[in-house]
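Raw contents of coords-v3.cif, mmCIF, C-alpha atoms:
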data_my_file
#
loop_
_atom_site.group_PDB
_atom_site.id
_atom_site.type_symbol
_atom_site.label_atom_id
_atom_site.label_comp_id
_atom_site.auth_asym_id
_atom_site.auth_seq_id
_atom_site.Cartn_x
_atom_site.Cartn_y
_atom_site.Cartn_z
ATOM 1 C CA MET Y 228 -4.604 -31.480 -42.609
ATOM 2 C CA ARG Y 229 -3.434 -31.556 -46.171
ATOM 3 C CA ALA Y 230 -4.974 -29.473 -48.899
ATOM 4 C CA ALA Y 231 -4.372 -29.391 -52.632
ATOM 5 C CA VAL Y 232 -5.013 -26.239 -54.652
ATOM 6 C CA ILE Y 233 -5.468 -26.921 -58.346
ATOM 7 C CA VAL Y 234 -3.711 -24.581 -60.766
ATOM 8 C CA PHE Y 235 -4.902 -24.138 -64.353
ATOM 9 C CA PRO Y 236 -3.417 -21.815 -66.940
ATOM 10 C CA GLY Y 237 -5.287 -18.605 -66.123
ATOM 11 C CA SER Y 238 -5.984 -19.326 -62.451
ATOM 12 C CA ASN Y 239 -5.365 -16.154 -60.471
ATOM 13 C CA CYS Y 240 -6.727 -16.784 -56.978
ATOM 14 C CA ASP Y 241 -4.729 -19.949 -56.394
ATOM 15 C CA ARG Y 242 -2.129 -18.325 -54.183
ATOM 16 C CA ASP Y 243 -4.725 -16.336 -52.221
ATOM 17 C CA LEU Y 244 -6.535 -19.593 -51.498
ATOM 18 C CA ALA Y 245 -3.292 -21.304 -50.461
ATOM 19 C CA VAL Y 246 -2.449 -18.401 -48.123
ATOM 20 C CA ALA Y 247 -5.888 -18.556 -46.492
ATOM 21 C CA LEU Y 248 -5.698 -22.350 -46.058
ATOM 22 C CA ARG Y 249 -2.163 -22.218 -44.640
ATOM 23 C CA LYS Y 250 -3.137 -19.481 -42.212
ATOM 24 C CA ALA Y 251 -5.878 -21.764 -40.917
ATOM 25 C CA GLY Y 252 -3.388 -24.577 -40.374
ATOM 26 C CA PHE Y 253 -3.464 -26.628 -43.584
ATOM 27 C CA SER Y 254 -0.336 -27.761 -45.319
ATOM 28 C CA VAL Y 255 -0.972 -26.890 -48.948
ATOM 29 C CA GLU Y 256 0.353 -28.296 -52.182
ATOM 30 C CA MET Y 257 -0.215 -26.610 -55.512
ATOM 31 C CA VAL Y 258 -1.222 -29.159 -58.147
ATOM 32 C CA TRP Y 259 -0.856 -28.524 -61.882
ATOM 33 C CA HIS Y 260 -3.798 -29.315 -64.163
ATOM 34 C CA LYS Y 261 -1.818 -31.855 -66.185
ATOM 35 C CA ASP Y 262 -1.112 -34.001 -63.137
ATOM 36 C CA THR Y 263 -3.208 -37.132 -63.041
ATOM 37 C CA GLU Y 264 -3.184 -37.738 -59.301
ATOM 38 C CA LEU Y 265 -3.664 -35.693 -56.170
ATOM 39 C CA PRO Y 266 -0.857 -35.831 -53.609
ATOM 40 C CA ARG Y 267 -1.282 -38.727 -51.160
ATOM 41 C CA ASP Y 268 -3.479 -38.204 -48.102
ATOM 42 C CA VAL Y 269 -5.092 -35.019 -49.321
ATOM 43 C CA ASP Y 270 -8.090 -34.169 -47.150
ATOM 44 C CA PHE Y 271 -9.289 -31.131 -49.004
ATOM 45 C CA VAL Y 272 -9.202 -29.842 -52.568
ATOM 46 C CA GLY Y 273 -9.590 -26.199 -53.547
ATOM 47 C CA ILE Y 274 -10.415 -25.135 -57.096
ATOM 48 C CA PRO Y 275 -9.522 -21.462 -57.270
ATOM 49 C CA GLY Y 276 -10.862 -18.446 -59.087
ATOM 50 C CA GLY Y 277 -9.459 -16.997 -62.251
ATOM 51 C CA PHE Y 278 -9.961 -17.394 -65.961
ATOM 52 C CA SER Y 279 -8.885 -20.963 -66.617
ATOM 53 C CA PHE Y 280 -8.036 -21.489 -70.283
ATOM 54 C CA GLY Y 281 -9.084 -17.906 -70.988
ATOM 55 C CA ASP Y 282 -12.759 -18.784 -70.432
ATOM 56 C CA TYR Y 283 -12.651 -20.344 -73.920
ATOM 57 C CA LEU Y 284 -15.803 -22.173 -75.029
ATOM 58 C CA ARG Y 285 -17.557 -21.609 -71.687
ATOM 59 C CA CYS Y 286 -16.188 -20.550 -68.301
ATOM 60 C CA GLY Y 287 -14.626 -23.603 -66.668
ATOM 61 C CA ALA Y 288 -15.484 -25.939 -69.563
ATOM 62 C CA ILE Y 289 -11.957 -26.837 -70.634
ATOM 63 C CA ALA Y 290 -10.644 -26.997 -67.070
ATOM 64 C CA ALA Y 291 -13.441 -29.407 -66.153
ATOM 65 C CA ARG Y 292 -12.063 -31.890 -68.711
ATOM 66 C CA SER Y 293 -8.413 -31.635 -67.628
ATOM 67 C CA PRO Y 294 -6.546 -34.676 -66.273
ATOM 68 C CA ILE Y 295 -6.401 -33.503 -62.638
ATOM 69 C CA VAL Y 296 -10.150 -32.965 -62.527
ATOM 70 C CA ARG Y 297 -10.638 -36.702 -63.051
ATOM 71 C CA ALA Y 298 -8.657 -37.183 -59.849
ATOM 72 C CA VAL Y 299 -10.701 -34.477 -58.106
ATOM 73 C CA LYS Y 300 -13.896 -36.284 -59.158
ATOM 74 C CA ALA Y 301 -12.573 -39.534 -57.721
ATOM 75 C CA HIS Y 302 -11.701 -37.703 -54.476
ATOM 76 C CA VAL Y 303 -15.239 -36.295 -54.272
ATOM 77 C CA GLU Y 304 -16.820 -39.624 -55.168
ATOM 78 C CA ARG Y 305 -15.076 -41.302 -52.263
ATOM 79 C CA GLY Y 306 -16.495 -38.642 -49.955
ATOM 80 C CA GLY Y 307 -13.633 -36.137 -50.038
ATOM 81 C CA PHE Y 308 -14.071 -32.449 -49.273
ATOM 82 C CA ALA Y 309 -13.733 -29.777 -51.950
ATOM 83 C CA VAL Y 310 -14.544 -26.158 -52.606
ATOM 84 C CA GLY Y 311 -14.769 -24.319 -55.915
ATOM 85 C CA ILE Y 312 -14.616 -20.547 -55.694
ATOM 86 C CA CYS Y 313 -15.702 -18.305 -58.573
ATOM 87 C CA ASN Y 314 -14.097 -19.927 -61.655
ATOM 88 C CA GLY Y 315 -13.756 -23.002 -59.438
ATOM 89 C CA PHE Y 316 -17.544 -23.002 -58.961
ATOM 90 C CA GLN Y 317 -17.930 -22.805 -62.746
ATOM 91 C CA VAL Y 318 -15.581 -25.801 -63.060
ATOM 92 C CA LEU Y 319 -17.569 -27.830 -60.511
ATOM 93 C CA LEU Y 320 -20.809 -27.143 -62.420
ATOM 94 C CA GLU Y 321 -19.168 -28.107 -65.707
ATOM 95 C CA THR Y 322 -18.030 -31.413 -64.195
ATOM 96 C CA GLY Y 323 -21.562 -32.103 -62.987
ATOM 97 C CA LEU Y 324 -20.373 -32.490 -59.378
ATOM 98 C CA LEU Y 325 -22.791 -29.691 -58.514
ATOM 99 C CA PRO Y 326 -26.082 -28.985 -60.332
ATOM 100 C CA GLY Y 327 -27.028 -25.976 -62.447
ATOM 101 C CA ALA Y 328 -25.045 -23.520 -64.552
ATOM 102 C CA LEU Y 329 -23.578 -20.020 -64.415
ATOM 103 C CA ILE Y 330 -24.238 -17.654 -67.288
ATOM 104 C CA ARG Y 331 -23.337 -14.045 -68.120
ATOM 105 C CA ASN Y 332 -24.334 -11.527 -65.423
ATOM 106 C CA ALA Y 333 -27.796 -10.139 -66.108
ATOM 107 C CA GLY Y 334 -26.372 -6.596 -66.183
ATOM 108 C CA LEU Y 335 -23.661 -7.761 -68.650
ATOM 109 C CA LYS Y 336 -20.988 -5.998 -66.589
ATOM 110 C CA PHE Y 337 -18.071 -7.495 -64.727
ATOM 111 C CA VAL Y 338 -19.005 -7.002 -61.068
ATOM 112 C CA CYS Y 339 -16.143 -6.375 -58.629
ATOM 113 C CA LYS Y 340 -17.068 -5.235 -55.106
ATOM 114 C CA PRO Y 341 -17.685 -6.460 -51.567
ATOM 115 C CA VAL Y 342 -21.206 -7.859 -51.243
ATOM 116 C CA ALA Y 343 -23.367 -8.791 -48.276
ATOM 117 C CA LEU Y 344 -24.421 -12.437 -48.164
ATOM 118 C CA THR Y 345 -26.855 -14.288 -45.963
ATOM 119 C CA VAL Y 346 -25.597 -17.585 -44.621
ATOM 120 C CA GLU Y 347 -28.551 -19.786 -45.561
ATOM 121 C CA SER Y 348 -27.252 -23.064 -44.268
ATOM 122 C CA ALA Y 349 -24.803 -23.438 -41.409
ATOM 123 C CA GLU Y 350 -24.957 -27.220 -41.821
ATOM 124 C CA SER Y 351 -21.661 -27.874 -43.561
ATOM 125 C CA VAL Y 352 -17.965 -27.924 -42.739
ATOM 126 C CA PHE Y 353 -17.724 -24.677 -44.698
ATOM 127 C CA THR Y 354 -20.412 -22.716 -42.906
ATOM 128 C CA GLU Y 355 -20.728 -24.232 -39.422
ATOM 129 C CA GLY Y 356 -18.679 -21.362 -37.997
ATOM 130 C CA TYR Y 357 -21.530 -19.020 -38.873
ATOM 131 C CA GLN Y 358 -25.138 -18.880 -37.700
ATOM 132 C CA ALA Y 359 -27.872 -19.519 -40.240
ATOM 133 C CA GLY Y 360 -29.256 -16.105 -41.155
ATOM 134 C CA GLN Y 361 -26.009 -14.320 -40.311
ATOM 135 C CA VAL Y 362 -24.871 -11.685 -42.795
ATOM 136 C CA VAL Y 363 -21.242 -11.803 -43.968
ATOM 137 C CA THR Y 364 -19.362 -9.713 -46.503
ATOM 138 C CA TYR Y 365 -17.128 -11.302 -49.143
ATOM 139 C CA PRO Y 366 -15.855 -9.672 -52.329
ATOM 140 C CA VAL Y 367 -17.153 -10.780 -55.715
ATOM 141 C CA ALA Y 368 -15.257 -10.389 -58.998
ATOM 142 C CA HIS Y 369 -16.938 -12.061 -61.940
ATOM 143 C CA HIS Y 370 -18.602 -11.674 -65.306
ATOM 144 C CA ASP Y 371 -20.451 -14.984 -65.390
ATOM 145 C CA GLY Y 372 -22.008 -15.452 -61.982
ATOM 146 C CA ASN Y 373 -25.677 -15.608 -62.895
ATOM 147 C CA TYR Y 374 -26.749 -18.917 -61.356
ATOM 148 C CA LEU Y 375 -29.400 -20.884 -63.126
ATOM 149 C CA ALA Y 376 -31.030 -24.241 -62.461
ATOM 150 C CA THR Y 377 -34.198 -26.085 -63.362
ATOM 151 C CA ASP Y 378 -37.207 -25.794 -61.064
ATOM 152 C CA SER Y 379 -36.707 -29.360 -59.887
ATOM 153 C CA VAL Y 380 -33.049 -28.694 -58.970
ATOM 154 C CA LEU Y 381 -34.062 -25.497 -57.146
ATOM 155 C CA ALA Y 382 -36.750 -27.367 -55.233
ATOM 156 C CA GLU Y 383 -34.205 -30.019 -54.258
ATOM 157 C CA LEU Y 384 -31.614 -27.430 -53.155
ATOM 158 C CA ASN Y 385 -34.214 -25.679 -51.025
ATOM 159 C CA THR Y 386 -35.733 -28.815 -49.518
ATOM 160 C CA GLU Y 387 -32.354 -30.293 -48.667
ATOM 161 C CA ASN Y 388 -31.099 -26.997 -47.248
ATOM 162 C CA ARG Y 389 -28.221 -26.987 -49.744
ATOM 163 C CA ILE Y 390 -28.167 -23.281 -50.518
ATOM 164 C CA ALA Y 391 -25.139 -22.124 -48.538
ATOM 165 C CA PHE Y 392 -25.253 -18.407 -49.329
ATOM 166 C CA ARG Y 393 -27.637 -15.949 -50.928
ATOM 167 C CA TYR Y 394 -26.894 -12.382 -52.020
ATOM 168 C CA GLN Y 395 -28.652 -9.838 -49.832
ATOM 169 C CA GLN Y 396 -29.224 -7.705 -52.911
ATOM 170 C CA ASP Y 397 -29.251 -8.714 -56.553
ATOM 171 C CA VAL Y 398 -25.670 -8.802 -57.866
ATOM 172 C CA ASN Y 399 -25.826 -10.705 -61.145
ATOM 173 C CA GLY Y 400 -29.357 -11.939 -61.751
ATOM 174 C CA SER Y 401 -28.884 -15.315 -60.024
ATOM 175 C CA VAL Y 402 -32.127 -17.204 -59.537
ATOM 176 C CA GLU Y 403 -33.340 -16.838 -55.922
ATOM 177 C CA GLY Y 404 -30.198 -14.783 -55.219
ATOM 178 C CA ILE Y 405 -28.142 -17.963 -54.970
ATOM 179 C CA ALA Y 406 -24.448 -17.270 -54.346
ATOM 180 C CA GLY Y 407 -23.260 -20.700 -53.196
ATOM 181 C CA ILE Y 408 -24.539 -24.272 -53.036
ATOM 182 C CA LEU Y 409 -23.640 -27.576 -51.404
ATOM 183 C CA SER Y 410 -23.495 -31.101 -52.773
ATOM 184 C CA GLN Y 411 -25.929 -33.735 -51.550
ATOM 185 C CA ASN Y 412 -23.397 -35.082 -49.030
ATOM 186 C CA ARG Y 413 -22.607 -31.451 -48.022
ATOM 187 C CA ARG Y 414 -18.880 -32.030 -48.571
ATOM 188 C CA VAL Y 415 -18.541 -30.032 -51.765
ATOM 189 C CA MET Y 416 -19.354 -26.351 -51.998
ATOM 190 C CA GLY Y 417 -19.304 -24.003 -54.956
ATOM 191 C CA LEU Y 418 -19.675 -20.254 -54.530
ATOM 192 C CA MET Y 419 -19.073 -17.125 -56.579
ATOM 193 C CA PRO Y 420 -17.943 -14.752 -53.775
ATOM 194 C CA HIS Y 421 -14.354 -14.993 -52.530
ATOM 195 C CA PRO Y 422 -13.921 -15.949 -48.842
ATOM 196 C CA GLU Y 423 -10.142 -16.200 -49.429
ATOM 197 C CA ARG Y 424 -10.073 -12.490 -50.240
ATOM 198 C CA ALA Y 425 -11.668 -11.735 -46.887
ATOM 199 C CA ALA Y 426 -9.344 -13.767 -44.691
ATOM 200 C CA ASP Y 427 -6.736 -11.290 -43.512
ATOM 201 C CA ALA Y 428 -7.278 -8.121 -41.482
ATOM 202 C CA THR Y 429 -4.326 -6.454 -43.223
ATOM 203 C CA LEU Y 430 -6.279 -6.669 -46.458
ATOM 204 C CA GLY Y 431 -9.356 -5.152 -44.904
ATOM 205 C CA ALA Y 432 -11.777 -8.008 -44.298
ATOM 206 C CA THR Y 433 -11.913 -11.137 -42.176
ATOM 207 C CA ASP Y 434 -15.409 -12.602 -42.604
ATOM 208 C CA GLY Y 435 -14.008 -15.362 -44.808
ATOM 209 C CA ALA Y 436 -11.331 -16.448 -42.338
ATOM 210 C CA VAL Y 437 -14.021 -18.198 -40.274
ATOM 211 C CA MET Y 438 -14.676 -20.580 -43.146
ATOM 212 C CA PHE Y 439 -11.068 -21.729 -43.344
ATOM 213 C CA GLN Y 440 -10.755 -22.029 -39.563
ATOM 214 C CA THR Y 441 -13.831 -24.257 -39.312
ATOM 215 C CA LEU Y 442 -12.631 -26.278 -42.294
ATOM 216 C CA ALA Y 443 -9.310 -26.872 -40.579
ATOM 217 C CA ARG Y 444 -11.132 -28.145 -37.502
ATOM 218 C CA SER Y 445 -13.656 -30.346 -39.271
ATOM 219 C CA VAL Y 446 -11.957 -31.824 -42.295
ATOM 220 C CA VAL Y 447 -10.572 -35.301 -41.744
ATOM 221 C CA VAL Y 448 -9.291 -37.897 -44.161
ATOM 222 C CA ALA Y 449 -12.285 -39.212 -46.070
ATOM 223 C CA MET M 153 -12.552 -35.435 -95.296
ATOM 224 C CA MET M 154 -15.826 -33.994 -94.114
ATOM 225 C CA LYS M 155 -16.865 -30.818 -92.460
ATOM 226 C CA ALA M 156 -19.274 -30.750 -89.584
ATOM 227 C CA ARG M 157 -20.966 -27.654 -88.309
ATOM 228 C CA VAL M 158 -22.394 -27.467 -84.807
ATOM 229 C CA HIS M 159 -24.940 -24.819 -83.885
ATOM 230 C CA ILE M 160 -25.228 -24.143 -80.174
ATOM 231 C CA MET M 161 -28.023 -22.012 -78.735
ATOM 232 C CA LEU M 162 -29.260 -21.338 -75.227
ATOM 233 C CA LYS M 163 -32.388 -23.369 -74.558
ATOM 234 C CA SER M 164 -35.609 -21.451 -74.889
ATOM 235 C CA GLY M 165 -36.520 -20.084 -71.485
ATOM 236 C CA VAL M 166 -32.883 -19.419 -70.581
ATOM 237 C CA LEU M 167 -32.411 -15.677 -70.374
ATOM 238 C CA ASP M 168 -29.869 -14.422 -72.926
ATOM 239 C CA PRO M 169 -28.601 -11.102 -71.557
ATOM 240 C CA GLN M 170 -26.192 -10.663 -74.477
ATOM 241 C CA GLY M 171 -28.925 -11.165 -77.061
ATOM 242 C CA GLU M 172 -31.057 -8.697 -75.143
ATOM 243 C CA ALA M 173 -28.234 -6.107 -75.214
ATOM 244 C CA VAL M 174 -27.861 -6.604 -78.972
ATOM 245 C CA ARG M 175 -31.605 -6.147 -79.431
ATOM 246 C CA HIS M 176 -31.428 -2.926 -77.453
ATOM 247 C CA ALA M 177 -28.500 -1.629 -79.520
ATOM 248 C CA LEU M 178 -30.347 -2.390 -82.760
ATOM 249 C CA GLY M 179 -33.252 -0.315 -81.475
ATOM 250 C CA THR M 180 -30.853 2.540 -80.700
ATOM 251 C CA LEU M 181 -29.629 2.392 -84.311
ATOM 252 C CA GLY M 182 -33.160 2.850 -85.523
ATOM 253 C CA PHE M 183 -33.967 -0.741 -86.476
ATOM 254 C CA GLY M 184 -37.526 -1.035 -85.290
ATOM 255 C CA GLY M 185 -39.539 -4.191 -84.957
ATOM 256 C CA VAL M 186 -36.795 -6.469 -83.591
ATOM 257 C CA GLU M 187 -38.780 -8.393 -81.024
ATOM 258 C CA SER M 188 -35.999 -10.556 -79.708
ATOM 259 C CA VAL M 189 -32.385 -11.522 -80.358
ATOM 260 C CA ARG M 190 -30.851 -14.822 -79.271
ATOM 261 C CA GLN M 191 -27.112 -15.251 -79.576
ATOM 262 C CA GLY M 192 -25.389 -18.603 -80.000
ATOM 263 C CA LYS M 193 -22.245 -20.044 -81.473
ATOM 264 C CA VAL M 194 -21.179 -22.041 -84.484
ATOM 265 C CA ILE M 195 -18.316 -24.529 -84.303
ATOM 266 C CA GLU M 196 -16.861 -26.038 -87.461
ATOM 267 C CA LEU M 197 -14.901 -29.272 -87.398
ATOM 268 C CA THR M 198 -12.912 -30.929 -90.133
ATOM 269 C CA LEU M 199 -13.112 -34.687 -89.771
ATOM 270 C CA ALA M 200 -11.140 -37.549 -91.268
ATOM 271 C CA GLY M 201 -13.111 -40.263 -93.060
ATOM 272 C CA ASP M 202 -16.263 -40.175 -95.138
ATOM 273 C CA ASP M 203 -18.899 -42.059 -93.134
ATOM 274 C CA ARG M 204 -21.480 -39.342 -92.628
ATOM 275 C CA ALA M 205 -23.714 -41.238 -90.223
ATOM 276 C CA ALA M 206 -20.779 -42.239 -88.023
ATOM 277 C CA ALA M 207 -19.486 -38.657 -88.095
ATOM 278 C CA GLU M 208 -22.842 -37.287 -87.045
ATOM 279 C CA ALA M 209 -23.001 -39.651 -84.074
ATOM 280 C CA GLU M 210 -19.402 -38.875 -83.141
ATOM 281 C CA VAL M 211 -19.967 -35.104 -83.229
ATOM 282 C CA ALA M 212 -23.134 -35.512 -81.149
ATOM 283 C CA SER M 213 -21.038 -37.299 -78.495
ATOM 284 C CA MET M 214 -18.541 -34.424 -78.667
ATOM 285 C CA CYS M 215 -21.409 -32.023 -77.988
ATOM 286 C CA GLU M 216 -22.543 -34.040 -74.980
ATOM 287 C CA ALA M 217 -18.994 -34.359 -73.646
ATOM 288 C CA LEU M 218 -17.685 -30.849 -74.185
ATOM 289 C CA LEU M 219 -18.984 -28.603 -76.942
ATOM 290 C CA ALA M 220 -22.361 -27.820 -75.357
ATOM 291 C CA ASN M 221 -23.463 -27.525 -71.752
ATOM 292 C CA THR M 222 -26.745 -29.380 -72.032
ATOM 293 C CA VAL M 223 -27.958 -27.898 -68.747
ATOM 294 C CA ILE M 224 -28.494 -24.602 -70.561
ATOM 295 C CA GLU M 225 -27.735 -25.199 -74.241
ATOM 296 C CA ARG M 226 -29.137 -27.215 -77.132
ATOM 297 C CA TYR M 227 -27.151 -28.179 -80.194
ATOM 298 C CA GLU M 228 -27.687 -29.220 -83.788
ATOM 299 C CA VAL M 229 -25.135 -31.116 -85.844
ATOM 300 C CA GLU M 230 -24.871 -30.606 -89.575
ATOM 301 C CA ILE M 231 -22.569 -32.706 -91.764
ATOM 302 C CA LEU M 232 -21.577 -30.670 -94.828
#

Rewrite the structure of this file - the entire thing - as structure tokens.
Amino acid sequence: MRAAVIVFPGSNCDRDLAVALRKAGFSVEMVWHKDTELPRDVDFVGIPGGFSFGDYLRCGAIAARSPIVRAVKAHVERGGFAVGICNGFQVLLETGLLPGALIRNAGLKFVCKPVALTVESAESVFTEGYQAGQVVTYPVAHHDGNYLATDSVLAELNTENRIAFRYQQDVNGSVEGIAGILSQNRRVMGLMPHPERAADATLGATDGAVMFQTLARSVVVA
Amino acid sequence: MMKARVHIMLKSGVLDPQGEAVRHALGTLGFGGVESVRQGKVIELTLAGDDRAAAEAEVASMCEALLANTVIERYEVEIL
């Protein structure tokens, strides 16, 4: 399995994501935002956390218009798999590949701590290693993680079982406690918490490792 | 040359936690009667040419493409 991790100026979880993917068996290439094409035969694209372009204008806004993101869109449109974590989730929303928006945390503070999440949907390559209803702990570290969507989008996400994770307790004001969502074809996920920071026992947490292991088993060339 | 000014505000109904914090701080300073504060941004552009109508349309496309996130924000374009 080949994965590409996109690197923007200001990305800071790119190497953590690469480490987690490699540990699960992926070969990983780091891809710079100015590149116009993904490496050949990439099965999976990861958009990492961080503060791309200094969060100028809006979080993820500038990154979402960078050359490589056009290639990521094409990958997704032909049915490719992708995840956006934290700033990566903000980028995916700004591209329109996932619905809704993320605004400033309701409490206005940067929140940085491990949080308990309920796995809402185990029907995806990201979450099939968990049971629906299972509680997992991933760290969060964000200032703009307050998920917002119109009532019709929320109804659609609920009906189609596309809410991947919810916070067990309110973390940032997100509507319905939404922490992560899936695309309509269930091949793209965006989430604020960091599974890649919970993927190595040496660093104190392993709940996220399951996600990368199941990904490595399920992801095939689209 | 022309100047364009874009006003971007959160749509009504979208919670503005920063505006709310500003409102609270104003109250702390003794300014009573501030019922709500909404915070937005102003972007100024200097544009080549002098066709005002074309500039207005062009800046509106810029808003749709990048300057505003129309999921949560509304914008107004002013050609100065």

Which of these, M:Glu216, M:Glu196, M:Asp168, M:Glu228, has the shortest distance to chain Y once you count only C-alpha atoms? M:Asp168

Please identify every residue of chain Y that has at least one atom no more than 8 Å from any atom of chain M, counting all atoms listed in the file, and report them as a list in words.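 Here is what falls inside 8 Å: Leu284, Ala288, Ile289, Arg292, Glu321, Gly327, Ala328, Arg331, Asn332, Ala333, Gly334, Leu335 and Ala376 of chain Y.
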
What do you get, as a list in words, if you spell out every residue that the PyMOL selection byres ((chain Y and resi 233) around 6) selects here? Val232, Val234, Met257, Val258 and Ile274 of chain Y

I want to know what sits within 7 Å of stretch 296-309 of chain Y, based on only C-alpha atoms, with residues of the same chain fewer than 2 positions away left out; could you give that as a PDB file with C-alpha atoms, keeping the file's coordinate frame?
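Final file, out-v2.pdb:
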ATOM      1  CA  THR Y 263      -3.208 -37.132 -63.041  1.00  0.00           C
ATOM      2  CA  GLU Y 264      -3.184 -37.738 -59.301  1.00  0.00           C
ATOM      3  CA  LEU Y 265      -3.664 -35.693 -56.170  1.00  0.00           C
ATOM      4  CA  ASP Y 270      -8.090 -34.169 -47.150  1.00  0.00           C
ATOM      5  CA  PHE Y 271      -9.289 -31.131 -49.004  1.00  0.00           C
ATOM      6  CA  VAL Y 272      -9.202 -29.842 -52.568  1.00  0.00           C
ATOM      7  CA  GLY Y 273      -9.590 -26.199 -53.547  1.00  0.00           C
ATOM      8  CA  ALA Y 291     -13.441 -29.407 -66.153  1.00  0.00           C
ATOM      9  CA  ARG Y 292     -12.063 -31.890 -68.711  1.00  0.00           C
ATOM     10  CA  SER Y 293      -8.413 -31.635 -67.628  1.00  0.00           C
ATOM     11  CA  PRO Y 294      -6.546 -34.676 -66.273  1.00  0.00           C
ATOM     12  CA  GLY Y 311     -14.769 -24.319 -55.915  1.00  0.00           C
ATOM     13  CA  ARG Y 414     -18.880 -32.030 -48.571  1.00  0.00           C
ATOM     14  CA  VAL Y 415     -18.541 -30.032 -51.765  1.00  0.00           C
ATOM     15  CA  MET Y 416     -19.354 -26.351 -51.998  1.00  0.00           C
ATOM     16  CA  ALA Y 449     -12.285 -39.212 -46.070  1.00  0.00           C
TER      17      ALA Y 449
END

With 4 Å of padding per side, what axis-aligned box (centre and edge lengths, Å, one decimal) covers all the listed atoms of stretch 183-186 of chain M? Give it as JSON.
{"center_x": -36.8, "center_y": -3.6, "center_z": -85.0, "size_x": 13.6, "size_y": 13.7, "size_z": 10.9}

Please list as a list in words every residue within 9 Å of M:His176, counting all atoms listed in the file and excluding residues in the same chain fewer than 5 positions away.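 Listing them by chain and then by number gives Gly171, Leu181 and Val186 of chain M.
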
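Those residues positioned at most 7 Å from (-10.0, -17.6, -62.9) are Gly237, Ser238, Asn239, Cys240, Pro275, Gly276, Gly277, Phe278, Ser279 and Asn314 of chain Y, judged using all atoms listed in the file.
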
Would you mind reading off the distance between atom CA of Y:Cys339 and atom CA of Y:Leu409, one decimal, in Å? 23.6 Å

How many Å lie between atom CA of Y:Arg249 and atom CA of Y:Val446, rounded to one decimal?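 For atom CA of Y:Arg249 relative to atom CA of Y:Val446, the distance reads 13.9 Å.
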
Since the input is missing atoms, can you rebuild N, CA and C atoms for stretch 157-171 of chain M and write them as a short mmCIF file (atom, residue, chain, number, x, y, z; two decimals), in the coordinates of the input?
data_model
loop_
_atom_site.label_atom_id
_atom_site.label_comp_id
_atom_site.auth_asym_id
_atom_site.auth_seq_id
_atom_site.Cartn_x
_atom_site.Cartn_y
_atom_site.Cartn_z
N ARG M 157 -20.69 -28.96 -88.90
CA ARG M 157 -20.97 -27.65 -88.31
C ARG M 157 -21.93 -27.88 -87.14
N VAL M 158 -21.56 -27.32 -85.99
CA VAL M 158 -22.39 -27.47 -84.81
C VAL M 158 -22.97 -26.10 -84.46
N HIS M 159 -24.27 -26.05 -84.32
CA HIS M 159 -24.94 -24.82 -83.88
C HIS M 159 -25.33 -25.00 -82.42
N ILE M 160 -24.90 -24.06 -81.60
CA ILE M 160 -25.23 -24.14 -80.17
C ILE M 160 -26.00 -22.91 -79.77
N MET M 161 -27.16 -23.12 -79.18
CA MET M 161 -28.02 -22.01 -78.74
C MET M 161 -28.44 -22.26 -77.29
N LEU M 162 -28.67 -21.18 -76.56
CA LEU M 162 -29.26 -21.34 -75.23
C LEU M 162 -30.65 -21.92 -75.41
N LYS M 163 -31.05 -22.79 -74.49
CA LYS M 163 -32.39 -23.37 -74.56
C LYS M 163 -33.42 -22.26 -74.42
N SER M 164 -34.58 -22.48 -75.04
CA SER M 164 -35.61 -21.45 -74.89
C SER M 164 -35.99 -21.40 -73.41
N GLY M 165 -36.23 -20.22 -72.91
CA GLY M 165 -36.52 -20.08 -71.48
C GLY M 165 -35.29 -19.66 -70.69
N VAL M 166 -34.09 -19.90 -71.26
CA VAL M 166 -32.88 -19.42 -70.58
C VAL M 166 -32.65 -17.98 -71.04
N LEU M 167 -32.61 -17.09 -70.07
CA LEU M 167 -32.41 -15.68 -70.37
C LEU M 167 -31.08 -15.49 -71.11
N ASP M 168 -31.09 -14.70 -72.17
CA ASP M 168 -29.87 -14.42 -72.93
C ASP M 168 -29.56 -12.93 -72.81
N PRO M 169 -28.84 -12.54 -71.76
CA PRO M 169 -28.60 -11.10 -71.56
C PRO M 169 -27.84 -10.46 -72.71
N GLN M 170 -26.96 -11.25 -73.36
CA GLN M 170 -26.19 -10.66 -74.48
C GLN M 170 -27.10 -10.40 -75.67
N GLY M 171 -27.97 -11.36 -75.97
CA GLY M 171 -28.92 -11.16 -77.06
C GLY M 171 -29.81 -9.96 -76.79
#
